[in-house]
file work09.cif (mmCIF, C-alpha atoms and all ligand atoms)
data_model
#
loop_
_atom_site.group_PDB
_atom_site.id
_atom_site.type_symbol
_atom_site.label_atom_id
_atom_site.label_comp_id
_atom_site.auth_asym_id
_atom_site.auth_seq_id
_atom_site.Cartn_x
_atom_site.Cartn_y
_atom_site.Cartn_z
ATOM 1 C CA MET A 1 118.879 105.711 85.009
ATOM 2 C CA HIS A 2 118.778 104.818 88.692
ATOM 3 C CA GLU A 3 115.298 106.239 89.277
ATOM 4 C CA TYR A 4 113.791 104.243 86.429
ATOM 5 C CA SER A 5 114.974 100.929 87.814
ATOM 6 C CA ILE A 6 113.665 101.898 91.255
ATOM 7 C CA VAL A 7 110.259 102.652 89.788
ATOM 8 C CA ALA A 8 110.264 99.431 87.765
ATOM 9 C CA SER A 9 110.915 97.282 90.834
ATOM 10 C CA LEU A 10 108.438 99.361 92.835
ATOM 11 C CA ILE A 11 105.668 98.626 90.361
ATOM 12 C CA ASP A 12 106.651 94.927 90.420
ATOM 13 C CA ARG A 13 106.278 94.897 94.195
ATOM 14 C CA VAL A 14 102.891 96.602 94.001
ATOM 15 C CA GLN A 15 101.743 94.103 91.391
ATOM 16 C CA GLN A 16 102.746 91.233 93.684
ATOM 17 C CA GLU A 17 100.865 92.792 96.592
ATOM 18 C CA ALA A 18 97.828 93.353 94.429
ATOM 19 C CA ASP A 19 97.936 89.731 93.247
ATOM 20 C CA ALA A 20 98.266 88.516 96.823
ATOM 21 C CA HIS A 21 95.313 90.556 98.051
ATOM 22 C CA GLY A 22 93.117 90.570 95.006
ATOM 23 C CA GLY A 23 93.586 94.298 94.553
ATOM 24 C CA SER A 24 92.379 95.716 91.278
ATOM 25 C CA ARG A 25 93.233 99.373 91.475
ATOM 26 C CA VAL A 26 95.937 101.277 93.311
ATOM 27 C CA TYR A 27 95.206 104.765 94.557
ATOM 28 C CA ARG A 28 98.382 105.807 96.260
ATOM 29 C CA LEU A 29 101.855 104.620 97.175
ATOM 30 C CA HIS A 30 103.604 105.883 100.269
ATOM 31 C CA LEU A 31 107.370 105.955 100.004
ATOM 32 C CA LYS A 32 109.984 106.822 102.540
ATOM 33 C CA ILE A 33 113.175 108.116 100.974
ATOM 34 C CA GLY A 34 116.371 108.915 102.804
ATOM 35 C CA GLU A 35 118.081 112.144 101.837
ATOM 36 C CA LEU A 36 121.288 110.192 101.200
ATOM 37 C CA SER A 37 119.664 107.398 99.217
ATOM 38 C CA GLY A 38 120.897 109.002 96.022
ATOM 39 C CA VAL A 39 117.369 109.309 94.685
ATOM 40 C CA GLU A 40 116.332 112.464 92.887
ATOM 41 C CA VAL A 41 112.719 112.846 93.977
ATOM 42 C CA GLU A 42 111.698 114.877 90.937
ATOM 43 C CA LEU A 43 113.236 112.288 88.621
ATOM 44 C CA LEU A 44 111.518 109.540 90.560
ATOM 45 C CA LYS A 45 108.137 111.237 90.131
ATOM 46 C CA THR A 46 108.745 111.704 86.432
ATOM 47 C CA ALA A 47 109.801 108.075 86.065
ATOM 48 C CA PHE A 48 106.712 106.953 87.951
ATOM 49 C CA ASP A 49 104.420 109.046 85.761
ATOM 50 C CA THR A 50 105.958 107.410 82.709
ATOM 51 C CA PHE A 51 106.062 103.829 83.952
ATOM 52 C CA ARG A 52 102.704 103.588 85.719
ATOM 53 C CA GLU A 53 100.716 103.686 82.477
ATOM 54 C CA ARG A 54 99.037 100.376 81.710
ATOM 55 C CA THR A 55 100.319 98.866 84.940
ATOM 56 C CA ILE A 56 98.505 98.208 88.205
ATOM 57 C CA CYS A 57 99.697 101.695 89.224
ATOM 58 C CA ASP A 58 97.993 103.511 86.370
ATOM 59 C CA GLY A 59 96.444 106.625 87.877
ATOM 60 C CA ALA A 60 98.048 106.054 91.257
ATOM 61 C CA GLU A 61 99.661 108.894 93.154
ATOM 62 C CA LEU A 62 103.038 108.920 94.782
ATOM 63 C CA SER A 63 103.334 110.235 98.310
ATOM 64 C CA ILE A 64 106.921 110.715 99.412
ATOM 65 C CA ASP A 65 108.289 111.268 102.901
ATOM 66 C CA MET A 66 111.864 112.447 103.006
ATOM 67 C CA VAL A 67 113.999 111.135 105.859
ATOM 68 C CA ALA A 68 116.894 113.197 107.175
ATOM 69 C CA ALA A 69 120.147 111.366 107.701
ATOM 70 C CA ALA A 70 121.096 110.499 111.283
ATOM 71 C CA TRP A 71 124.195 108.877 112.742
ATOM 72 C CA ALA A 72 125.179 107.283 116.016
ATOM 73 C CA CYS A 73 128.386 105.903 117.455
ATOM 74 C CA SER A 74 129.004 102.333 116.373
ATOM 75 C CA SER A 75 130.290 101.505 119.833
ATOM 76 C CA CYS A 76 128.301 103.396 122.499
ATOM 77 C CA ASP A 77 125.254 104.481 120.441
ATOM 78 C CA ARG A 78 125.695 108.114 121.346
ATOM 79 C CA ALA A 79 124.065 110.318 118.694
ATOM 80 C CA VAL A 80 126.609 111.903 116.380
ATOM 81 C CA ALA A 81 125.701 115.282 114.919
ATOM 82 C CA ARG A 82 125.771 115.590 111.175
ATOM 83 C CA GLY A 83 128.621 117.643 109.903
ATOM 84 C CA ALA A 84 132.318 117.606 109.351
ATOM 85 C CA ILE A 85 133.541 114.558 111.203
ATOM 86 C CA LEU A 86 131.268 111.591 111.762
ATOM 87 C CA ARG A 87 132.993 110.330 114.836
ATOM 88 C CA CYS A 88 131.861 109.855 118.427
ATOM 89 C CA ASP A 89 132.760 112.672 120.859
ATOM 90 C CA ASP A 90 133.102 110.216 123.720
ATOM 91 C CA CYS A 91 134.994 107.252 122.414
ATOM 92 C CA GLY A 92 136.197 108.431 119.037
ATOM 93 C CA ARG A 93 134.733 105.476 117.150
ATOM 94 C CA PRO A 94 133.364 106.071 113.662
ATOM 95 C CA ALA A 95 129.641 106.714 113.431
ATOM 96 C CA ARG A 96 127.219 104.433 111.656
ATOM 97 C CA MET A 97 124.213 105.711 109.759
ATOM 98 C CA LEU A 98 120.907 105.055 111.532
ATOM 99 C CA GLU A 99 118.703 106.261 108.734
ATOM 100 C CA GLY A 100 118.869 108.409 105.675
ATOM 101 C CA ASP A 101 119.858 106.006 102.896
ATOM 102 C CA GLU A 102 116.660 103.982 102.685
ATOM 103 C CA ILE A 103 114.066 103.615 99.968
ATOM 104 C CA ILE A 104 111.026 102.021 101.563
ATOM 105 C CA LEU A 105 107.601 101.258 100.206
ATOM 106 C CA GLN A 106 105.644 101.938 103.370
ATOM 107 C CA ARG A 107 102.068 101.571 102.356
ATOM 108 C CA ILE A 108 99.898 100.844 99.347
ATOM 109 C CA GLU A 109 96.377 102.183 99.168
ATOM 110 C CA MET A 110 94.409 99.928 96.881
ATOM 111 C CA GLU A 111 90.947 98.783 96.108
ATOM 112 C CA ALA A 112 90.475 95.237 97.281
ATOM 113 C CA PRO A 113 87.391 93.071 97.401
ATOM 114 C CA HIS A 114 85.704 92.798 100.788
ATOM 115 C CA VAL A 115 86.014 89.349 102.225
HETATM 116 ZN ZN ZN A 201 130.952 106.342 121.285
#

call {"tool": "encode", "arguments": {"input": "work09.cif", "output": "structure tokens", "more": "lines below"}}
Ligand SMILES: [Zn+2]
result
Amino acid sequence: MHEYSIVASLIDRVQQEADAHGGSRVYRLHLKIGELSGVEVELLKTAFDTFRERTICDGAELSIDMVAAAWACSSCDRAVARGAILRCDDCGRPARMLEGDEIILQRIEMEAPHV
């Protein structure tokens, strides 16, 4: 399942960060998820609850910010409203997605030794 592989690579990333900073315990992960990323948030949470056991993320919480999709003209950068036709009103060029398909690990709250 898509969500399980996302969670697996997420926990890998967190482990790398923890190794790099000497972190021993992770409290919370902040994720930014685009509405068109294809991620089912509920499935992602369930996958995280399952996978985090006995990893660096054991006991950590998941905090998820959803990002609405937004488009702009690929030529003149005019904002293109979501809806039927994703095409610029001015120059008729196809729109490109600005955001809305991302899966970003924004922030990790973890316990780290004071240096
Ligand atoms: Zn345009």

call {"tool": "atom_distance", "arguments": {"input": "work09.cif", "atom1": "CA of Leu36 (chain A)", "atom2": "CA of Leu98 (chain A)"}}
result
11.5 Å

call {"tool": "resolve_selection", "arguments": {"input": "work09.cif", "expression": "the PyMOL selection byres (((chain A and resi 70-72) around 10) and not hetatm)", "output": "list in words"}}
result
Gly34, Val67, Ala68, Ala69, Cys73, Ser74, Ser75, Cys76, Asp77, Arg78, Ala79, Val80, Ala81, Arg82, Leu86, Arg87, Cys88, Arg93, Pro94, Ala95, Arg96, Met97, Leu98, Glu99, Gly100 and Asp101 of chain A

call {"tool": "closest_residue", "arguments": {"input": "work09.cif", "among": "A:His2, A:Arg54, A:Arg28, A:Arg13", "to": "Met110 (chain A)", "atoms": "only C-alpha atoms"}}
result
A:Arg28

call {"tool": "closest_residue", "arguments": {"input": "work09.cif", "among": "A:Asp89, A:Ile104, A:Ile33, A:Ile11", "to": "Glu53 (chain A)", "atoms": "only C-alpha atoms"}}
result
A:Ile11

call {"tool": "resolve_selection", "arguments": {"input": "work09.cif", "expression": "the PyMOL selection byres (((chain A and resi 40) around 12) and not hetatm)", "output": "MDAnalysis selection string"}}
result
chainID A and resid 1:4 6:7 33:39 41:47 64 66 103

call {"tool": "write_last_selection", "arguments": {"input": "work09.cif", "atoms": "C-alpha atoms", "output": "PDB file, in the coordinates of the input"}}
result
ATOM      1  CA  MET A   1     118.879 105.711  85.009  1.00  0.00           C
ATOM      2  CA  HIS A   2     118.778 104.818  88.692  1.00  0.00           C
ATOM      3  CA  GLU A   3     115.298 106.239  89.277  1.00  0.00           C
ATOM      4  CA  TYR A   4     113.791 104.243  86.429  1.00  0.00           C
ATOM      5  CA  ILE A   6     113.665 101.898  91.255  1.00  0.00           C
ATOM      6  CA  VAL A   7     110.259 102.652  89.788  1.00  0.00           C
ATOM      7  CA  ILE A  33     113.175 108.116 100.974  1.00  0.00           C
ATOM      8  CA  GLY A  34     116.371 108.915 102.804  1.00  0.00           C
ATOM      9  CA  GLU A  35     118.081 112.144 101.837  1.00  0.00           C
ATOM     10  CA  LEU A  36     121.288 110.192 101.200  1.00  0.00           C
ATOM     11  CA  SER A  37     119.664 107.398  99.217  1.00  0.00           C
ATOM     12  CA  GLY A  38     120.897 109.002  96.022  1.00  0.00           C
ATOM     13  CA  VAL A  39     117.369 109.309  94.685  1.00  0.00           C
ATOM     14  CA  VAL A  41     112.719 112.846  93.977  1.00  0.00           C
ATOM     15  CA  GLU A  42     111.698 114.877  90.937  1.00  0.00           C
ATOM     16  CA  LEU A  43     113.236 112.288  88.621  1.00  0.00           C
ATOM     17  CA  LEU A  44     111.518 109.540  90.560  1.00  0.00           C
ATOM     18  CA  LYS A  45     108.137 111.237  90.131  1.00  0.00           C
ATOM     19  CA  THR A  46     108.745 111.704  86.432  1.00  0.00           C
ATOM     20  CA  ALA A  47     109.801 108.075  86.065  1.00  0.00           C
ATOM     21  CA  ILE A  64     106.921 110.715  99.412  1.00  0.00           C
ATOM     22  CA  MET A  66     111.864 112.447 103.006  1.00  0.00           C
ATOM     23  CA  ILE A 103     114.066 103.615  99.968  1.00  0.00           C
TER      24      ILE A 103
END

call {"tool": "residues_around", "arguments": {"input": "work09.cif", "residues": "Ser24 (chain A)", "least_positions_apart": "5", "cutoff": "8 Å", "atoms": "only C-alpha atoms", "output": "PyMOL selection string"}}
result
chain A and resi 18+56+110-112

call {"tool": "closest_residue", "arguments": {"input": "work09.cif", "among": "A:Cys57, A:Ala84, A:Cys91, A:Leu62", "to": "Gln16 (chain A)", "atoms": "only C-alpha atoms"}}
result
A:Cys57

call {"tool": "atom_distance", "arguments": {"input": "work09.cif", "atom1": "CA of Lys32 (chain A)", "atom2": "atom ZN of ligand ZN 201 (chain A)"}}
result
28.1 Å

call {"tool": "atom_distance", "arguments": {"input": "work09.cif", "atom1": "CA of Ile108 (chain A)", "atom2": "CA of His21 (chain A)"}}
result
11.3 Å

call {"tool": "closest_residue", "arguments": {"input": "work09.cif", "among": "A:Gly83, A:Gly92, A:Gly59, A:Pro113", "to": "Gly22 (chain A)", "atoms": "all atoms listed in the file"}}
result
A:Pro113

call {"tool": "build_atoms", "arguments": {"input": "work09.cif", "residues": "region 19-51 of chain A", "atoms": "N, CA and C atoms", "output": "short mmCIF file (atom, residue, chain, number, x, y, z; two decimals), in the frame of the given file"}}
result
data_model
loop_
_atom_site.label_atom_id
_atom_site.label_comp_id
_atom_site.auth_asym_id
_atom_site.auth_seq_id
_atom_site.Cartn_x
_atom_site.Cartn_y
_atom_site.Cartn_z
N ASP A 19 98.26 91.14 93.54
CA ASP A 19 97.94 89.73 93.25
C ASP A 19 97.62 88.98 94.54
N ALA A 20 98.42 89.24 95.56
CA ALA A 20 98.27 88.52 96.82
C ALA A 20 96.95 88.87 97.52
N HIS A 21 96.50 90.10 97.32
CA HIS A 21 95.31 90.56 98.05
C HIS A 21 94.11 90.77 97.15
N GLY A 22 94.23 90.39 95.93
CA GLY A 22 93.12 90.57 95.01
C GLY A 22 92.80 92.02 94.71
N GLY A 23 93.79 92.87 94.83
CA GLY A 23 93.59 94.30 94.55
C GLY A 23 93.46 94.54 93.06
N SER A 24 92.60 95.47 92.70
CA SER A 24 92.38 95.72 91.28
C SER A 24 92.83 97.11 90.87
N ARG A 25 92.88 98.00 91.83
CA ARG A 25 93.23 99.37 91.48
C ARG A 25 94.01 99.98 92.63
N VAL A 26 95.09 100.67 92.28
CA VAL A 26 95.94 101.28 93.31
C VAL A 26 95.72 102.78 93.30
N TYR A 27 95.46 103.33 94.47
CA TYR A 27 95.21 104.76 94.56
C TYR A 27 96.47 105.55 94.86
N ARG A 28 97.25 105.01 95.80
CA ARG A 28 98.38 105.81 96.26
C ARG A 28 99.48 104.92 96.84
N LEU A 29 100.70 105.29 96.57
CA LEU A 29 101.86 104.62 97.18
C LEU A 29 102.53 105.59 98.14
N HIS A 30 102.88 105.06 99.30
CA HIS A 30 103.60 105.88 100.27
C HIS A 30 105.05 105.41 100.35
N LEU A 31 105.95 106.29 99.99
CA LEU A 31 107.37 105.96 100.00
C LEU A 31 108.09 106.78 101.06
N LYS A 32 109.10 106.14 101.61
CA LYS A 32 109.98 106.82 102.54
C LYS A 32 111.36 106.84 101.89
N ILE A 33 111.91 108.01 101.69
CA ILE A 33 113.18 108.12 100.97
C ILE A 33 114.19 108.90 101.79
N GLY A 34 115.30 108.26 102.07
CA GLY A 34 116.37 108.92 102.80
C GLY A 34 117.05 109.97 101.95
N GLU A 35 117.47 111.05 102.60
CA GLU A 35 118.08 112.14 101.84
C GLU A 35 119.41 111.72 101.21
N LEU A 36 120.01 110.67 101.75
CA LEU A 36 121.29 110.19 101.20
C LEU A 36 121.12 108.90 100.39
N SER A 37 119.91 108.62 99.99
CA SER A 37 119.66 107.40 99.22
C SER A 37 120.15 107.54 97.78
N GLY A 38 120.45 108.77 97.38
CA GLY A 38 120.90 109.00 96.02
C GLY A 38 119.76 109.14 95.03
N VAL A 39 118.53 109.19 95.56
CA VAL A 39 117.37 109.31 94.68
C VAL A 39 117.02 110.78 94.47
N GLU A 40 116.84 111.14 93.22
CA GLU A 40 116.33 112.46 92.89
C GLU A 40 114.82 112.36 92.88
N VAL A 41 114.16 113.02 93.83
CA VAL A 41 112.72 112.85 93.98
C VAL A 41 111.96 113.29 92.72
N GLU A 42 112.39 114.40 92.14
CA GLU A 42 111.70 114.88 90.94
C GLU A 42 111.83 113.88 89.79
N LEU A 43 113.02 113.30 89.65
CA LEU A 43 113.24 112.29 88.62
C LEU A 43 112.40 111.06 88.90
N LEU A 44 112.29 110.71 90.17
CA LEU A 44 111.52 109.54 90.56
C LEU A 44 110.05 109.74 90.20
N LYS A 45 109.54 110.94 90.46
CA LYS A 45 108.14 111.24 90.13
C LYS A 45 107.91 111.17 88.62
N THR A 46 108.87 111.73 87.89
CA THR A 46 108.74 111.70 86.43
C THR A 46 108.77 110.27 85.92
N ALA A 47 109.69 109.47 86.47
CA ALA A 47 109.80 108.08 86.06
C ALA A 47 108.51 107.32 86.39
N PHE A 48 107.95 107.62 87.54
CA PHE A 48 106.71 106.95 87.95
C PHE A 48 105.57 107.32 87.01
N ASP A 49 105.47 108.60 86.67
CA ASP A 49 104.42 109.05 85.76
C ASP A 49 104.51 108.33 84.42
N THR A 50 105.74 108.06 84.00
CA THR A 50 105.96 107.41 82.71
C THR A 50 105.64 105.92 82.79
N PHE A 51 106.13 105.29 83.84
CA PHE A 51 106.06 103.83 83.95
C PHE A 51 104.70 103.31 84.38
#
